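Okay, start-v4.cif is below, mmCIF, C-alpha atoms:
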```
data_start
#
loop_
_atom_site.label_atom_id
_atom_site.label_comp_id
_atom_site.auth_asym_id
_atom_site.auth_seq_id
_atom_site.Cartn_x
_atom_site.Cartn_y
_atom_site.Cartn_z
CA ARG W 1 5.50 16.69 -48.45
CA GLN W 2 4.59 15.03 -45.21
CA ILE W 3 5.98 12.66 -42.62
CA SER W 4 4.29 10.19 -40.24
CA VAL W 5 5.82 9.22 -36.91
CA ALA W 6 4.81 6.93 -34.08
CA GLY W 7 5.01 7.88 -30.43
CA LYS W 8 4.64 5.87 -27.27
CA GLY W 9 3.80 6.87 -23.72
CA GLU W 10 3.84 4.56 -20.73
CA LYS W 11 3.64 4.78 -17.00
CA SER W 12 3.71 2.31 -14.13
CA VAL W 13 1.13 3.10 -11.48
CA LYS W 14 -0.11 1.55 -8.29
CA PRO W 15 -3.89 0.98 -8.09
CA ASP W 16 -5.54 3.40 -5.70
CA VAL W 17 -8.82 1.61 -4.96
CA ALA W 18 -9.89 -1.94 -4.22
CA VAL W 19 -13.27 -3.38 -5.17
CA LEU W 20 -14.46 -6.16 -2.88
CA SER W 21 -17.34 -8.44 -3.84
CA PHE W 22 -18.87 -10.79 -1.28
CA ALA W 23 -22.22 -12.22 -0.20
CA VAL W 24 -24.23 -13.36 2.77
CA VAL W 25 -25.85 -16.72 2.03
CA THR W 26 -28.49 -18.24 4.31
CA ALA W 27 -30.59 -21.37 3.95
CA GLY W 28 -33.46 -23.09 5.73
CA LYS W 29 -36.91 -24.58 5.43
CA LYS W 30 -38.97 -21.43 6.07
CA LEU W 31 -38.50 -18.57 3.63
CA LYS W 32 -39.29 -15.76 6.07
CA THR W 33 -36.86 -17.14 8.64
CA VAL W 34 -34.13 -17.40 6.01
CA GLN W 35 -34.81 -13.85 4.75
CA ASP W 36 -34.80 -12.42 8.27
CA GLU W 37 -31.50 -14.13 9.10
CA ASN W 38 -29.97 -12.86 5.86
CA SER W 39 -31.22 -9.34 6.48
CA GLN W 40 -29.80 -9.26 10.03
CA LYS W 41 -26.38 -10.50 8.94
CA SER W 42 -26.29 -8.18 5.91
CA SER W 43 -27.17 -5.19 8.09
CA ALA W 44 -24.42 -6.11 10.54
CA VAL W 45 -21.93 -6.27 7.65
CA ILE W 46 -23.02 -2.86 6.31
CA ASP W 47 -22.89 -1.27 9.77
CA PHE W 48 -19.38 -2.63 10.26
CA LEU W 49 -18.21 -1.25 6.91
CA LYS W 50 -19.63 2.19 7.65
CA SER W 51 -17.98 2.17 11.09
CA LYS W 52 -14.66 1.59 9.30
CA GLY W 53 -15.08 4.62 7.07
CA VAL W 54 -16.57 3.10 3.90
CA ALA W 55 -18.81 5.81 2.41
CA GLU W 56 -22.45 5.25 1.47
CA LYS W 57 -21.65 5.99 -2.19
CA ASP W 58 -19.08 3.18 -2.20
CA LEU W 59 -21.59 0.53 -1.04
CA LYS W 60 -24.05 -1.16 -3.38
CA THR W 61 -26.08 -4.34 -3.56
CA THR W 62 -25.33 -6.05 -6.86
CA TYR W 63 -27.35 -9.24 -6.50
CA TYR W 64 -30.25 -10.53 -4.40
CA GLN W 65 -31.73 -13.94 -5.10
CA ILE W 66 -34.18 -16.33 -3.50
CA SER W 67 -33.63 -19.89 -4.70
CA PRO W 68 -36.07 -22.68 -3.80
CA GLN W 69 -34.32 -26.02 -3.22
CA TYR W 70 -36.28 -28.93 -4.72
CA GLN W 71 -36.60 -32.60 -3.87
CA TYR W 72 -37.04 -34.61 -7.07
CA TYR W 73 -38.71 -38.00 -7.06
CA ASP W 74 -38.20 -40.97 -9.31
CA ASN W 75 -41.38 -41.64 -11.26
CA PRO W 76 -41.23 -45.15 -12.75
CA PRO W 77 -42.24 -45.53 -16.38
CA CYS W 78 -45.79 -46.61 -17.05
CA TYR W 79 -46.51 -49.01 -19.90
CA SER W 80 -50.27 -49.54 -19.47
CA SER W 81 -53.16 -47.34 -18.51
CA PRO W 82 -54.42 -46.10 -16.24
CA CYS W 83 -51.06 -44.69 -15.11
CA PRO W 84 -50.59 -43.38 -11.58
CA ALA W 85 -50.18 -39.63 -11.16
CA ARG W 86 -46.59 -38.50 -11.39
CA ARG W 87 -45.16 -37.02 -8.20
CA PRO W 88 -43.99 -33.45 -8.91
CA PRO W 89 -40.84 -31.91 -7.43
CA GLU W 90 -41.32 -30.53 -3.92
CA ILE W 91 -39.77 -27.44 -2.35
CA VAL W 92 -37.92 -28.58 0.76
CA SER W 93 -35.88 -25.46 1.63
CA TYR W 94 -34.82 -22.00 0.46
CA GLU W 95 -31.51 -20.25 -0.13
CA VAL W 96 -31.18 -16.48 -0.01
CA LYS W 97 -28.08 -14.75 -1.36
CA ASN W 98 -27.36 -11.04 -0.91
CA ARG W 99 -24.24 -9.93 -2.78
CA VAL W 100 -22.59 -6.60 -1.98
CA GLU W 101 -19.81 -4.72 -3.75
CA ILE W 102 -17.77 -2.07 -1.99
CA LYS W 103 -15.03 0.30 -3.07
CA VAL W 104 -12.19 0.71 -0.60
CA ARG W 105 -10.15 3.88 -1.02
CA ASP W 106 -7.66 3.13 1.76
CA LEU W 107 -5.80 0.02 0.58
CA ASN W 108 -4.30 -0.48 4.03
CA LYS W 109 -7.77 -1.47 5.24
CA VAL W 110 -8.44 -4.29 2.76
CA ASP W 111 -7.27 -7.15 4.98
CA GLU W 112 -9.03 -5.73 8.03
CA LEU W 113 -12.31 -5.26 6.15
CA LEU W 114 -12.25 -8.77 4.72
CA GLU W 115 -11.70 -10.32 8.12
CA GLY W 116 -14.38 -8.09 9.64
CA VAL W 117 -17.14 -8.86 7.15
CA VAL W 118 -16.52 -12.61 7.52
CA GLU W 119 -16.89 -12.28 11.28
CA LYS W 120 -20.17 -10.40 10.77
CA GLY W 121 -21.71 -13.06 8.54
CA VAL W 122 -20.22 -13.02 5.03
CA ASN W 123 -19.73 -16.62 3.87
CA ASP W 124 -19.14 -16.17 0.13
CA VAL W 125 -16.14 -14.11 -1.00
CA ASP W 126 -16.14 -13.65 -4.76
CA SER W 127 -13.16 -11.41 -5.49
CA VAL W 128 -10.93 -8.51 -4.58
CA LYS W 129 -9.91 -6.34 -7.52
CA PHE W 130 -7.40 -3.49 -7.55
CA GLN W 131 -7.94 -0.73 -10.07
CA ILE W 132 -7.43 2.95 -10.89
CA ASP W 133 -10.25 5.17 -9.71
CA ASP W 134 -9.80 8.04 -12.22
CA GLU W 135 -8.86 6.14 -15.37
CA ASP W 136 -9.62 9.00 -17.77
CA ALA W 137 -7.13 11.37 -16.14
CA LEU W 138 -4.42 8.70 -16.18
CA LEU W 139 -5.03 7.83 -19.84
CA ALA W 140 -4.91 11.51 -20.79
CA GLU W 141 -1.55 11.86 -19.04
CA VAL W 142 -0.10 8.83 -20.83
CA ARG W 143 -1.48 10.05 -24.18
CA GLU W 144 0.27 13.39 -23.65
CA LEU W 145 3.56 11.52 -23.14
CA ALA W 146 2.99 9.63 -26.40
CA ILE W 147 2.31 12.87 -28.31
CA LYS W 148 5.48 14.47 -26.93
CA ASP W 149 7.44 11.38 -27.93
CA ALA W 150 6.06 11.53 -31.48
CA ARG W 151 6.84 15.25 -31.73
CA ALA W 152 10.43 14.69 -30.60
CA ARG W 153 10.89 11.93 -33.16
CA ALA W 154 9.42 14.10 -35.93
CA GLU W 155 11.66 17.06 -35.06
CA LYS W 156 14.75 14.81 -35.12
CA LEU W 157 13.79 13.43 -38.54
CA ALA W 158 13.03 16.88 -39.92
CA LYS W 159 16.42 18.13 -38.76
CA ASP W 160 18.18 15.16 -40.36
CA LEU W 161 16.27 15.82 -43.61
CA GLY W 162 16.98 19.55 -43.58
CA VAL W 163 13.29 20.54 -43.46
CA ARG W 164 10.93 22.10 -40.97
CA LEU W 165 7.76 20.68 -39.44
CA GLY W 166 4.47 22.30 -40.35
CA ARG W 167 0.96 21.73 -39.12
CA VAL W 168 -0.45 18.39 -38.02
CA LEU W 169 -2.30 16.71 -40.89
CA SER W 170 -3.64 13.69 -39.05
CA PHE W 171 -3.64 12.02 -35.67
CA TYR W 172 -4.33 8.40 -34.81
CA GLU W 173 -4.36 6.69 -31.43
CA GLY W 174 -4.31 2.93 -31.28
CA GLY W 175 -3.20 0.11 -29.07
CA GLN W 176 -3.96 1.96 -25.86
CA VAL W 177 -3.56 -0.28 -22.84
CA GLN W 178 -6.32 0.57 -20.40
CA PRO W 179 -5.95 0.25 -16.64
CA TYR W 180 -7.38 -3.13 -15.75
CA ALA W 181 -9.12 -4.56 -12.72
CA GLN W 182 -6.47 -6.80 -11.23
CA ASP W 183 -8.32 -9.72 -9.66
CA VAL W 184 -5.98 -11.04 -6.99
CA TYR W 185 -8.59 -12.70 -4.85
CA GLY W 186 -11.00 -14.69 -7.00
CA MET W 187 -12.29 -17.31 -4.57
CA GLY W 188 -15.04 -18.87 -6.65
CA GLY W 189 -17.52 -18.48 -3.81
CA ALA W 190 -15.51 -19.95 -0.95
CA THR W 191 -17.93 -20.66 1.87
CA GLY W 192 -18.33 -22.08 5.35
CA MET W 193 -15.43 -23.02 7.60
CA SER W 194 -12.86 -22.28 4.89
CA MET W 195 -13.61 -18.55 5.06
CA LYS W 196 -11.26 -17.83 7.99
CA ALA W 197 -8.38 -19.40 6.08
CA VAL W 198 -9.38 -17.52 2.95
CA VAL W 199 -9.05 -14.05 4.45
CA ALA W 200 -5.83 -14.70 6.33
CA PRO W 201 -3.20 -13.83 3.64
CA SER W 202 -2.04 -10.25 3.22
CA ILE W 203 -3.17 -8.89 -0.16
CA GLN W 204 -0.83 -6.72 -2.22
CA PRO W 205 -2.07 -4.49 -5.08
CA GLY W 206 1.15 -4.53 -7.14
CA GLU W 207 1.54 -2.18 -10.13
CA GLN W 208 -0.07 -1.74 -13.53
CA GLU W 209 1.65 -0.69 -16.76
CA ILE W 210 -0.42 1.82 -18.76
CA GLN W 211 0.45 2.56 -22.40
CA SER W 212 -0.69 4.78 -25.23
CA ASN W 213 0.46 4.56 -28.86
CA VAL W 214 -0.13 7.37 -31.35
CA THR W 215 0.71 8.11 -34.98
CA ILE W 216 0.94 11.72 -36.09
CA THR W 217 1.39 12.99 -39.64
CA TYR W 218 3.08 16.39 -40.02
CA GLU W 219 3.33 18.69 -43.01
CA LEU W 220 6.90 19.39 -44.13
CA LYS W 221 8.11 22.86 -45.10
#
```
Please re-express this file's structure in structure tokens.
Amino acid sequence: RQISVAGKGEKSVKPDVAVLSFAVVTAGKKLKTVQDENSQKSSAVIDFLKSKGVAEKDLKTTYYQISPQYQYYDNPPCYSSPCPARRPPEIVSYEVKNRVEIKVRDLNKVDELLEGVVEKGVNDVDSVKFQIDDEDALLAEVRELAIKDARARAEKLAKDLGVRLGRVLSFYEGGQVQPYAQDVYGMGGATGMSMKAVVAPSIQPGEQEIQSNVTITYELK
């Protein structure tokens, strides 16, 4: 004597934070010069962000890399000895990349911050993602809606069958649609002169549909 019912909860929400990922990339023949230039530009970017209200906890370096750039030489094949020494690859320059990720809690500032960091030295914009900051609280709210929906369905069935609902025998949650990071600004590392054109459009966060599906089995009396 039991009955199983499915319930669904859903809610449309607007993302409340934006996550921006970008980098300062510098290159040159002398490593120290390249590092110093990168450090100066990166510091200017961070100072600008802090001046615009981005908190220390919302700033983090996610990637720092020094990449030697090599010149490769053609070494002709040798068919008789003695063979001449092969010319090894030679380092001709260095590239330094410092990637930073920030969380923006005021979505009205996204366009302004993007334009500002480019002016301060950012030349590689990776992405802008909109997401929900407190996902757990939102999922709990949608799950509660799904449970209420299942309960209402079970009570209607019990009434139609002329029985009463008893205790819950089992509960299953499946097919929950998590809030997702909505990447609206994947630039694939746009660099150089194209950056000013890249940051020009106004960016809109849109909405996300969050769902929870549950199955509850009740005892019948």
| field | Selection under test: the PyMOL selection byres ((chain W and resi 140) around 12); residues as a count of residues only | value | 23
| Which residues come within 6 Å of Glu101 in chain W, counting only C-alpha atoms, excluding same-chain residues fewer than 6 positions away, as a list in words? |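 So the residues in contact are Leu20, Ser21 and Lys60 of chain W.
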| query | Quick one, how far is CA of Arg105 in chain W from CA of Tyr64 in chain W? | reply |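 Going from CA of Arg105 in chain W over to CA of Tyr64 in chain W covers 25.0 Å.
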| Between W:Lys8, W:Lys103, W:Val163, W:Arg151, which has the minimum distance to Glu56 in chain W (counting all atoms listed in the file)? |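 The closest residue to Glu56 in chain W is W:Lys103.
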Need to verify the contact set: Val122 in chain W, 8 Å, all atoms listed in the file, exclusion of same-chain residues closer than 6 positions in sequence. Can you return it as a compact mmCIF listing (two decimals) with C-alpha atoms, keeping the file's coordinate frame?
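Generated file (selection.txt):
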```
# COMPACT_ATOMS: atom_id res chain seq x y z
CA PHE W 22 -18.87 -10.79 -1.28
CA ALA W 23 -22.22 -12.22 -0.20
CA VAL W 24 -24.23 -13.36 2.77
CA VAL W 25 -25.85 -16.72 2.03
CA LYS W 41 -26.38 -10.50 8.94
CA SER W 42 -26.29 -8.18 5.91
CA VAL W 45 -21.93 -6.27 7.65
```
| task | Tell me which residues the PyMOL selection byres ((chain W and resi 30) around 10) grabs here, as a count of residues only. | result | 12
| query | Out of W:Ile46, W:Val19, W:Ile66, W:Ala152, which residue has the shortest atom-to-atom distance to Leu107 in chain W when counting only C-alpha atoms? | reply |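 Checking each of W:Ile46, W:Val19, W:Ile66, W:Ala152 against Leu107 in chain W, counting only C-alpha atoms, the winner is W:Val19.
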| Of the candidates W:Val100, W:Leu169, W:Ala18, W:Ala158, which one gets nearest to Leu59 in chain W if we count all atoms listed in the file? |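 Distance minimum relative to Leu59 in chain W lands on W:Val100.
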Starting from the sparse input, extend range 135-146 of chain W to all heavy atoms and give the output as a PDB file, in the frame of the given file.
```pdb
ATOM      1  N   GLU W 135      -9.563   6.674 -14.215  1.00  0.00           N
ATOM      2  CA  GLU W 135      -8.860   6.140 -15.370  1.00  0.00           C
ATOM      3  C   GLU W 135      -8.677   7.174 -16.474  1.00  0.00           C
ATOM      4  O   GLU W 135      -7.646   7.198 -17.145  1.00  0.00           O
ATOM      5  CB  GLU W 135      -9.623   4.928 -15.922  1.00  0.00           C
ATOM      6  CG  GLU W 135      -9.667   3.744 -14.980  1.00  0.00           C
ATOM      7  CD  GLU W 135     -10.375   2.562 -15.604  1.00  0.00           C
ATOM      8  OE1 GLU W 135     -10.824   2.694 -16.767  1.00  0.00           O
ATOM      9  OE2 GLU W 135     -10.472   1.513 -14.956  1.00  0.00           O
ATOM     10  N   ASP W 136      -9.681   8.027 -16.678  1.00  0.00           N
ATOM     11  CA  ASP W 136      -9.620   9.000 -17.770  1.00  0.00           C
ATOM     12  C   ASP W 136      -8.445   9.957 -17.605  1.00  0.00           C
ATOM     13  O   ASP W 136      -7.739  10.268 -18.573  1.00  0.00           O
ATOM     14  CB  ASP W 136     -10.927   9.787 -17.847  1.00  0.00           C
ATOM     15  CG  ASP W 136     -12.101   8.921 -18.298  1.00  0.00           C
ATOM     16  OD1 ASP W 136     -11.842   7.859 -18.905  1.00  0.00           O
ATOM     17  OD2 ASP W 136     -13.256   9.292 -18.037  1.00  0.00           O
ATOM     18  N   ALA W 137      -8.236  10.443 -16.380  1.00  0.00           N
ATOM     19  CA  ALA W 137      -7.130  11.370 -16.140  1.00  0.00           C
ATOM     20  C   ALA W 137      -5.786  10.692 -16.387  1.00  0.00           C
ATOM     21  O   ALA W 137      -4.868  11.285 -16.963  1.00  0.00           O
ATOM     22  CB  ALA W 137      -7.199  11.903 -14.710  1.00  0.00           C
ATOM     23  N   LEU W 138      -5.668   9.434 -15.983  1.00  0.00           N
ATOM     24  CA  LEU W 138      -4.420   8.700 -16.180  1.00  0.00           C
ATOM     25  C   LEU W 138      -4.156   8.468 -17.666  1.00  0.00           C
ATOM     26  O   LEU W 138      -3.041   8.652 -18.151  1.00  0.00           O
ATOM     27  CB  LEU W 138      -4.480   7.377 -15.437  1.00  0.00           C
ATOM     28  CG  LEU W 138      -3.264   6.471 -15.601  1.00  0.00           C
ATOM     29  CD1 LEU W 138      -2.012   7.144 -15.071  1.00  0.00           C
ATOM     30  CD2 LEU W 138      -3.493   5.140 -14.891  1.00  0.00           C
ATOM     31  N   LEU W 139      -5.190   8.067 -18.409  1.00  0.00           N
ATOM     32  CA  LEU W 139      -5.030   7.830 -19.840  1.00  0.00           C
ATOM     33  C   LEU W 139      -4.663   9.112 -20.591  1.00  0.00           C
ATOM     34  O   LEU W 139      -3.874   9.095 -21.532  1.00  0.00           O
ATOM     35  CB  LEU W 139      -6.305   7.227 -20.413  1.00  0.00           C
ATOM     36  CG  LEU W 139      -6.611   5.794 -19.956  1.00  0.00           C
ATOM     37  CD1 LEU W 139      -8.001   5.382 -20.430  1.00  0.00           C
ATOM     38  CD2 LEU W 139      -5.565   4.829 -20.474  1.00  0.00           C
ATOM     39  N   ALA W 140      -5.246  10.233 -20.173  1.00  0.00           N
ATOM     40  CA  ALA W 140      -4.910  11.510 -20.790  1.00  0.00           C
ATOM     41  C   ALA W 140      -3.441  11.866 -20.552  1.00  0.00           C
ATOM     42  O   ALA W 140      -2.755  12.380 -21.449  1.00  0.00           O
ATOM     43  CB  ALA W 140      -5.820  12.612 -20.247  1.00  0.00           C
ATOM     44  N   GLU W 141      -2.954  11.575 -19.365  1.00  0.00           N
ATOM     45  CA  GLU W 141      -1.550  11.860 -19.040  1.00  0.00           C
ATOM     46  C   GLU W 141      -0.609  11.005 -19.882  1.00  0.00           C
ATOM     47  O   GLU W 141       0.402  11.500 -20.412  1.00  0.00           O
ATOM     48  CB  GLU W 141      -1.316  11.582 -17.550  1.00  0.00           C
ATOM     49  CG  GLU W 141       0.094  11.884 -17.086  1.00  0.00           C
ATOM     50  CD  GLU W 141       0.285  11.604 -15.605  1.00  0.00           C
ATOM     51  OE1 GLU W 141      -0.728  11.414 -14.899  1.00  0.00           O
ATOM     52  OE2 GLU W 141       1.449  11.565 -15.165  1.00  0.00           O
ATOM     53  N   VAL W 142      -0.942   9.718 -20.045  1.00  0.00           N
ATOM     54  CA  VAL W 142      -0.100   8.830 -20.830  1.00  0.00           C
ATOM     55  C   VAL W 142      -0.168   9.194 -22.313  1.00  0.00           C
ATOM     56  O   VAL W 142       0.830   9.122 -23.038  1.00  0.00           O
ATOM     57  CB  VAL W 142      -0.516   7.361 -20.595  1.00  0.00           C
ATOM     58  CG1 VAL W 142       0.308   6.431 -21.473  1.00  0.00           C
ATOM     59  CG2 VAL W 142      -0.349   6.985 -19.133  1.00  0.00           C
ATOM     60  N   ARG W 143      -1.340   9.613 -22.787  1.00  0.00           N
ATOM     61  CA  ARG W 143      -1.480  10.050 -24.180  1.00  0.00           C
ATOM     62  C   ARG W 143      -0.608  11.277 -24.448  1.00  0.00           C
ATOM     63  O   ARG W 143       0.015  11.398 -25.502  1.00  0.00           O
ATOM     64  CB  ARG W 143      -2.945  10.377 -24.475  1.00  0.00           C
ATOM     65  CG  ARG W 143      -3.185  10.785 -25.942  1.00  0.00           C
ATOM     66  CD  ARG W 143      -4.602  11.264 -26.149  1.00  0.00           C
ATOM     67  NE  ARG W 143      -5.576  10.249 -25.812  1.00  0.00           N
ATOM     68  CZ  ARG W 143      -6.412  10.330 -24.777  1.00  0.00           C
ATOM     69  NH1 ARG W 143      -6.379  11.390 -23.986  1.00  0.00           N
ATOM     70  NH2 ARG W 143      -7.274   9.366 -24.548  1.00  0.00           N
ATOM     71  N   GLU W 144      -0.566  12.189 -23.500  1.00  0.00           N
ATOM     72  CA  GLU W 144       0.270  13.390 -23.650  1.00  0.00           C
ATOM     73  C   GLU W 144       1.742  13.005 -23.781  1.00  0.00           C
ATOM     74  O   GLU W 144       2.483  13.593 -24.583  1.00  0.00           O
ATOM     75  CB  GLU W 144       0.070  14.307 -22.446  1.00  0.00           C
ATOM     76  CG  GLU W 144       0.839  15.608 -22.535  1.00  0.00           C
ATOM     77  CD  GLU W 144       0.600  16.517 -21.344  1.00  0.00           C
ATOM     78  OE1 GLU W 144      -0.300  16.199 -20.536  1.00  0.00           O
ATOM     79  OE2 GLU W 144       1.306  17.528 -21.217  1.00  0.00           O
ATOM     80  N   LEU W 145       2.181  11.998 -23.024  1.00  0.00           N
ATOM     81  CA  LEU W 145       3.560  11.520 -23.140  1.00  0.00           C
ATOM     82  C   LEU W 145       3.826  10.951 -24.529  1.00  0.00           C
ATOM     83  O   LEU W 145       4.893  11.157 -25.110  1.00  0.00           O
ATOM     84  CB  LEU W 145       3.832  10.458 -22.072  1.00  0.00           C
ATOM     85  CG  LEU W 145       3.811  10.914 -20.612  1.00  0.00           C
ATOM     86  CD1 LEU W 145       3.990   9.722 -19.679  1.00  0.00           C
ATOM     87  CD2 LEU W 145       4.904  11.947 -20.352  1.00  0.00           C
ATOM     88  N   ALA W 146       2.830  10.224 -25.059  1.00  0.00           N
ATOM     89  CA  ALA W 146       2.990   9.630 -26.400  1.00  0.00           C
ATOM     90  C   ALA W 146       3.074  10.723 -27.465  1.00  0.00           C
ATOM     91  O   ALA W 146       3.871  10.615 -28.413  1.00  0.00           O
ATOM     92  CB  ALA W 146       1.815   8.694 -26.686  1.00  0.00           C
TER      93      ALA W 146
END
```
